[in-house]
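Structure first, then comments.
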Amino acid sequence: MENGKTEGCERNEAIRRGPLRQKELKEMGIEQIDKFDYREFLKTKGITAEQFRKERHKCPLGEIFQEFQNLRMKQSIQEIFEYAEQISGKLLLRSLNSSASSPRASLPVPLIDYFCGEVAHHASNAQTPVEPVFVFRLVEALKRRQTATASGHDWAWIKANEKPKLVRTWVAQAYAFGSVLMVPHNQWCYTAELGTHWWRGKPEDFAYMYRFVREHDSLLNGYASLANTALLYTNENFSDIRDAALKLAEANIPYTIIIAGGEELSLRLTAESFARYDYIIAGPEPLSGEQGKLLEKSEARAVRWEGLSELPEAITKQVSIDDSDRVRVSIRYNPDDSAASIVCHLLNQNYDSEVDNINPVDVRVALNKNLIEKAMCSSDIHEAVIHRPKDSPVHLAVVETDDTISFEVKGLGLWAIVELRKKVERGGSF
C-alpha cells in the first residue's frame, strides 16, 4: 500500500493466490474475486493506510496479502537471475543486497548462493557490537555466507569521528564467525542532515588485515561453529532465539543454530540434526509435526530458553576465560576432516574510543575435552600455535587436566587465531 493505495495486481492477486477457500471468502462478503478491491475493502473496515503499514498482521486478510508479497518477491528475484543467466549464457553466482537478519529476509535462501548487504554495527556505541554475530550464525545455519558491510549511519559515524580501528574489530569479528566484511575502501554514508556522502578507508589501516585472512585461509575456509548445544530456530520463536543467541555469544557459550524450516526454505530437520548435540535450546512455541516428533525421540535434552541463569551448567561451562571479561571467543572446526586443527578465534573487546585503539590483555582459555572430542574423535591435543596479524606464529604451552585443555596468551591484541593440533607436525616450518 503506497500513499493510501494498493496496486491493482496486488489488490486482487493477494487474495486470489492466498489459501482461503471460496467458502471462507464468501463468509467475508467477497463474492467476485476478479472485481475485489482490497483498498476499498479495508476502508469499509475502518483501516487507514497508516494502520495497515504498522499493523498489517492485525488487518483483515493482512497475512494473506503478506504471503502474496513474499511469493511475488521470490518470483521476481528468480526471474531476474534467470534473465541474467540467459543473457550471459552461463550460470552465475547469485546474491542479494540483504542480510540473514529476519524470517522474511531469509525467504530467498533457496535462490541464492550468498547474502551481500548491510548488517547494522551500531557504530555510535563506540564498541564492537555483538548483534552481527547472530546474523553470521544464522546465515551459517542456512548453509550460506554473509558478505557484510555496515549501514550508512554506521559509516557516517566512522567518518565524522575517524575511527578506523573500530572498523578493524568489525573485520576480525566477521571472519572469526565464518563470514566476510567487504574491504572498507569507499563506504556509503548517510545522515538526515548530510544525505549521501562517503568515507574512504586507507590501505595502511586495513590491507594487513585482509592479507592475514588470505594467508590463513586454510584455517577459515570449510570451518563451522563447534558446539554441543544448538538453538532451535523457528519463525514463531525468532525473537526468543535471537535473544538467546546474543546472550550466549556475550557469555562465550558455544552454540550453533539449527532451523526447523519448511518448504519455503527447502530445509527440514532430520534425526541426525538433533543427534549431533547434547542440548537443544528452544523457544516458547513448541515444535510441531514430524520435526517435533524427531526432537522428542532424540537423545538430546530439550531446554526452554528462559535466560542464561536457567541453563544447565553443562552448557555454560564448555569454555572458560580467566583474566579478562572482554574477550569474545569463536571456536570452529572442519566437519569434513577430523584430522584438521580446531581453531579458537580470540577477539579483544577492550576498545578505547578516546584514542581509537585496542588495549592488550593477557588471557587464559580452557576448553572442555568433550567439546574437542566432538571435532576430533579424541581430546588428544599436543600442540597449540597462535597466529596474529603482523606477527610470526608462536607455539603456546598446552595444559591438560582430566576435563579440560587450556592455554595462555600474553598481550592479546585485536585478533588471534589459536590453532589446536592433534599431532605434532615435524619436518616443516611455519
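Within each chain, counting starts at residue 1; across the C-alpha cells, chains are named A, B, ... in the order shown, with ligands numbered 1 upward in that order.
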Region 281-365 of chain A: residues DSSP assigns to helix (DSSP H, G or I), reported as a PDB file with C-alpha atoms, in the first residue's frame:
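The result, stored in selection-v2.pdb:
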ATOM      1  CA  GLY A 289       4.574 -32.106  13.255  1.00  0.00           C
ATOM      2  CA  GLU A 290       7.166 -34.632  12.173  1.00  0.00           C
ATOM      3  CA  GLN A 291      10.074 -32.397  13.214  1.00  0.00           C
ATOM      4  CA  GLY A 292       8.630 -32.141  16.727  1.00  0.00           C
ATOM      5  CA  LYS A 293       8.395 -35.921  16.958  1.00  0.00           C
ATOM      6  CA  LEU A 294      12.034 -36.243  15.914  1.00  0.00           C
ATOM      7  CA  LEU A 295      13.060 -33.919  18.727  1.00  0.00           C
ATOM      8  CA  GLU A 296      11.051 -35.951  21.252  1.00  0.00           C
ATOM      9  CA  LYS A 297      12.738 -39.172  20.110  1.00  0.00           C
ATOM     10  CA  LEU A 308      21.350 -17.666  30.981  1.00  0.00           C
ATOM     11  CA  SER A 309      20.815 -18.269  34.682  1.00  0.00           C
ATOM     12  CA  GLU A 310      18.359 -21.099  33.942  1.00  0.00           C
ATOM     13  CA  GLU A 313      25.971 -25.933  33.946  1.00  0.00           C
ATOM     14  CA  ALA A 314      26.931 -28.460  31.288  1.00  0.00           C
ATOM     15  CA  ILE A 315      26.010 -25.815  28.699  1.00  0.00           C
ATOM     16  CA  THR A 316      27.570 -22.804  30.374  1.00  0.00           C
TER      17      THR A 316
END
Which neighbours of region 90-105 of chain A fall inside 9 Å, counting only C-alpha atoms, when residues of the same chain fewer than 6 positions from it are skipped, and could you give them as a list in words?
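Residues near the query, excluding close chain neighbours: Asn70, Ile77, Phe81, Glu82, Ala84, Leu111, Ile112, Asp113, Tyr114, Phe115, Cys116, Gly117, Glu118, Val119, Pro132, Phe134, Val135, Phe136, Leu138, Val139, Leu142, Gln146, Thr147, Ala148, Thr234, Asn235 and Phe238 of chain A.
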Would you mind exporting the chosen residues as a JSON list (two decimals), in the first residue's frame, restricted to N, CA and C atoms?
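In the end it all went to again_17.json:
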[["chain", "number", "residue", "atom", "x", "y", "z"],
["A", 70, "ASN", "N", 5.38, -11.99, -0.41],
["A", 70, "ASN", "CA", 6.55, -12.86, -0.29],
["A", 70, "ASN", "C", 6.71, -13.73, -1.54],
["A", 77, "ILE", "N", 12.77, -12.21, -7.96],
["A", 77, "ILE", "CA", 14.20, -12.49, -7.81],
["A", 77, "ILE", "C", 14.62, -13.59, -8.77],
["A", 81, "PHE", "N", 17.36, -13.38, -11.95],
["A", 81, "PHE", "CA", 18.53, -14.27, -12.06],
["A", 81, "PHE", "C", 18.49, -15.05, -13.38],
["A", 82, "GLU", "N", 17.35, -15.61, -13.70],
["A", 82, "GLU", "CA", 17.24, -16.41, -14.92],
["A", 82, "GLU", "C", 17.46, -15.57, -16.16],
["A", 84, "ALA", "N", 19.33, -12.83, -16.33],
["A", 84, "ALA", "CA", 20.77, -12.51, -16.37],
["A", 84, "ALA", "C", 21.57, -13.71, -16.89],
["A", 111, "LEU", "N", 17.21, -19.52, -3.51],
["A", 111, "LEU", "CA", 17.52, -18.94, -4.82],
["A", 111, "LEU", "C", 18.92, -18.36, -4.91],
["A", 112, "ILE", "N", 19.62, -18.25, -3.79],
["A", 112, "ILE", "CA", 20.89, -17.51, -3.80],
["A", 112, "ILE", "C", 22.04, -18.37, -3.29],
["A", 113, "ASP", "N", 23.25, -17.90, -3.61],
["A", 113, "ASP", "CA", 24.47, -18.54, -3.11],
["A", 113, "ASP", "C", 25.00, -17.85, -1.86],
["A", 114, "TYR", "N", 24.78, -16.55, -1.75],
["A", 114, "TYR", "CA", 25.23, -15.83, -0.56],
["A", 114, "TYR", "C", 24.48, -14.51, -0.42],
["A", 115, "PHE", "N", 24.46, -13.99, 0.80],
["A", 115, "PHE", "CA", 23.91, -12.67, 1.08],
["A", 115, "PHE", "C", 25.02, -11.63, 0.94],
["A", 116, "CYS", "N", 24.67, -10.46, 0.48],
["A", 116, "CYS", "CA", 25.65, -9.40, 0.32],
["A", 116, "CYS", "C", 24.97, -8.08, 0.64],
["A", 117, "GLY", "N", 25.20, -7.55, 1.84],
["A", 117, "GLY", "CA", 24.50, -6.33, 2.19],
["A", 117, "GLY", "C", 24.82, -5.83, 3.58],
["A", 118, "GLU", "N", 24.05, -4.84, 3.99],
["A", 118, "GLU", "CA", 24.29, -4.15, 5.25],
["A", 118, "GLU", "C", 23.89, -5.00, 6.46],
["A", 119, "VAL", "N", 24.75, -4.94, 7.46],
["A", 119, "VAL", "CA", 24.47, -5.51, 8.78],
["A", 119, "VAL", "C", 24.76, -4.39, 9.78],
["A", 132, "PRO", "N", 25.88, -8.44, 15.08],
["A", 132, "PRO", "CA", 26.22, -9.14, 13.84],
["A", 132, "PRO", "C", 26.49, -10.62, 14.02],
["A", 134, "PHE", "N", 24.76, -12.79, 15.53],
["A", 134, "PHE", "CA", 23.54, -13.54, 15.25],
["A", 134, "PHE", "C", 23.34, -13.73, 13.75],
["A", 135, "VAL", "N", 23.58, -12.69, 12.97],
["A", 135, "VAL", "CA", 23.45, -12.79, 11.51],
["A", 135, "VAL", "C", 24.43, -13.83, 10.97],
["A", 136, "PHE", "N", 25.67, -13.79, 11.45],
["A", 136, "PHE", "CA", 26.69, -14.72, 10.96],
["A", 136, "PHE", "C", 26.34, -16.17, 11.32],
["A", 138, "LEU", "N", 23.23, -17.32, 11.95],
["A", 138, "LEU", "CA", 22.02, -17.71, 11.23],
["A", 138, "LEU", "C", 22.33, -18.04, 9.78],
["A", 139, "VAL", "N", 23.17, -17.24, 9.15],
["A", 139, "VAL", "CA", 23.49, -17.50, 7.74],
["A", 139, "VAL", "C", 24.28, -18.81, 7.62],
["A", 142, "LEU", "N", 21.85, -21.52, 7.58],
["A", 142, "LEU", "CA", 21.18, -21.55, 6.28],
["A", 142, "LEU", "C", 22.09, -22.10, 5.18],
["A", 146, "GLN", "N", 27.53, -14.64, 4.68],
["A", 146, "GLN", "CA", 27.19, -13.22, 4.65],
["A", 146, "GLN", "C", 28.42, -12.41, 4.25],
["A", 147, "THR", "N", 28.34, -11.75, 3.11],
["A", 147, "THR", "CA", 29.33, -10.74, 2.76],
["A", 147, "THR", "C", 28.76, -9.42, 3.25],
["A", 148, "ALA", "N", 29.31, -8.90, 4.32],
["A", 148, "ALA", "CA", 28.68, -7.82, 5.05],
["A", 148, "ALA", "C", 29.38, -6.48, 4.84],
["A", 234, "THR", "N", 12.83, -21.31, 14.83],
["A", 234, "THR", "CA", 11.59, -21.34, 14.06],
["A", 234, "THR", "C", 11.14, -19.90, 13.88],
["A", 235, "ASN", "N", 10.35, -19.63, 12.86],
["A", 235, "ASN", "CA", 9.85, -18.27, 12.66],
["A", 235, "ASN", "C", 9.06, -17.79, 13.87],
["A", 238, "PHE", "N", 11.39, -16.59, 16.68],
["A", 238, "PHE", "CA", 12.52, -15.80, 16.22],
["A", 238, "PHE", "C", 13.08, -14.89, 17.30]]
Ranking A:Lys45, A:His57, A:Lys165, A:Arg242 by minimum distance to Glu204 (chain A) and counting only C-alpha atoms, which one comes first?
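Ranking A:Lys45, A:His57, A:Lys165, A:Arg242 by distance to Glu204 (chain A), first place goes to A:Lys165.
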Which residue is closest to Cys344 (chain A)? Choose from A:Asn161, A:Gln32, A:Asn252, A:Thr48 and count only C-alpha atoms.
A:Asn252
Would you please work out which residue, of A:Glu193, A:Glu131, A:Glu50, A:Asp325, is nearest to Asn350 (chain A) when using only C-alpha atoms?
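Using only C-alpha atoms, Asn350 (chain A) sits closest to A:Asp325.
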Mind checking which residues fall within 12 Å of Leu267 (chain A), counting only C-alpha atoms, ignoring those fewer than 4 positions away in the same chain, and posting them as a VMD selection string?
chain A and resid 106 to 107 109 to 110 141 to 143 233 to 234 258 to 263 273 291
Expected answer as an MDAnalysis selection string: strand (DSSP E or B) residues in region 80-262 of chain A:
chainID A and resid 95:96 114:118 146:149 180:181 187:191 195:199 224:225 229:233 256:259
Pro108 (chain A): which residues within 9 Å, counting only C-alpha atoms, same-chain residues fewer than 5 positions away excluded, as a PDB file with C-alpha atoms, in the first residue's frame?
ATOM      1  CA  MET A  73       9.276 -11.193  -4.185  1.00  0.00           C
ATOM      2  CA  LYS A  74      10.767 -14.649  -4.698  1.00  0.00           C
ATOM      3  CA  ILE A  77      14.198 -12.493  -7.813  1.00  0.00           C
ATOM      4  CA  GLN A  78      14.169 -15.781  -9.698  1.00  0.00           C
ATOM      5  CA  LEU A  96      21.021 -10.333  -2.777  1.00  0.00           C
ATOM      6  CA  GLU A 264       9.831 -22.035   1.839  1.00  0.00           C
ATOM      7  CA  LEU A 265      13.485 -22.594   2.877  1.00  0.00           C
TER       8      LEU A 265
END
What does the distance from CA of Phe274 (chain A) to CA of Arg145 (chain A) come to in Å, to one decimal?
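Distance between the two atoms: 22.6 Å.
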Contacts of Arg168 (chain A) at 9 Å (only C-alpha atoms; same-chain gap of 2+ positions) as a list in words:
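My list of contacting residues is Pro164, Lys165, Leu166, Trp170, Val171, Ala172, Gln173, Asp205, Phe206, Met209 and Leu414 of chain A.
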Residue subset to file, keeping C-alpha atoms, as a PDB file, in the first residue's frame:
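This went into result.pdb:
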ATOM      1  CA  PRO A 164      39.339   3.093  11.543  1.00  0.00           C
ATOM      2  CA  LYS A 165      40.493   0.834  14.380  1.00  0.00           C
ATOM      3  CA  LEU A 166      36.903   0.292  15.452  1.00  0.00           C
ATOM      4  CA  TRP A 170      34.260  -5.465  12.645  1.00  0.00           C
ATOM      5  CA  VAL A 171      36.545  -7.091  10.083  1.00  0.00           C
ATOM      6  CA  ALA A 172      38.016  -9.507  12.632  1.00  0.00           C
ATOM      7  CA  GLN A 173      34.643 -10.460  14.063  1.00  0.00           C
ATOM      8  CA  ASP A 205      44.689   0.729   8.015  1.00  0.00           C
ATOM      9  CA  PHE A 206      43.231  -2.453   6.515  1.00  0.00           C
ATOM     10  CA  MET A 209      44.083  -7.488   7.969  1.00  0.00           C
ATOM     11  CA  LEU A 414      42.915  -7.095  18.191  1.00  0.00           C
TER      12      LEU A 414
END
Which residues of region 124-236 of chain A come within 10 Å of region 390-393 of chain A, and what is each one's closest atom pair and distance in Å (one decimal), counting only C-alpha atoms, sorted by chain and residue number, as CSV?
residue,atom,partner,partner_atom,distance
A:Tyr208,CA,A:Lys390,CA,7.1
A:Met209,CA,A:Lys390,CA,8.5
A:Arg211,CA,A:Lys390,CA,9.3
A:Phe212,CA,A:Lys390,CA,7.7
File of the preceding selection, N, CA and C atoms, as an mmCIF file, in the first residue's frame:
data_model
loop_
_atom_site.group_PDB
_atom_site.id
_atom_site.type_symbol
_atom_site.label_atom_id
_atom_site.label_comp_id
_atom_site.auth_asym_id
_atom_site.auth_seq_id
_atom_site.Cartn_x
_atom_site.Cartn_y
_atom_site.Cartn_z
ATOM 1 N N TYR A 208 46.732 -5.036 5.810
ATOM 2 C CA TYR A 208 47.380 -6.133 6.543
ATOM 3 C C TYR A 208 46.358 -7.099 7.127
ATOM 4 N N MET A 209 45.130 -6.608 7.448
ATOM 5 C CA MET A 209 44.083 -7.488 7.969
ATOM 6 C C MET A 209 43.642 -8.491 6.902
ATOM 7 N N ARG A 211 45.320 -9.312 4.249
ATOM 8 C CA ARG A 211 46.459 -10.172 3.919
ATOM 9 C C ARG A 211 46.536 -11.340 4.909
ATOM 10 N N PHE A 212 46.281 -11.054 6.172
ATOM 11 C CA PHE A 212 46.259 -12.092 7.203
ATOM 12 C C PHE A 212 45.192 -13.137 6.890
#
State, in Å with one decimal place, the distance from CA of Tyr175 (chain A) to CA of Ile381 (chain A).
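Answer for the CA of Tyr175 (chain A) to CA of Ile381 (chain A) separation: 24.1 Å.
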Compare A:Ala227, A:Ile321, A:Val329, A:Ala302 by their minimum atom-to-atom distance to Gln349 (chain A), counting only C-alpha atoms, and give me the closest one.
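Using only C-alpha atoms, Gln349 (chain A) sits closest to A:Val329.
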Which residue gives the smallest distance to Ile386 (chain A) among A:Leu61, A:Leu220, A:Val409, A:Val167, with only C-alpha atoms counted?
A:Val409
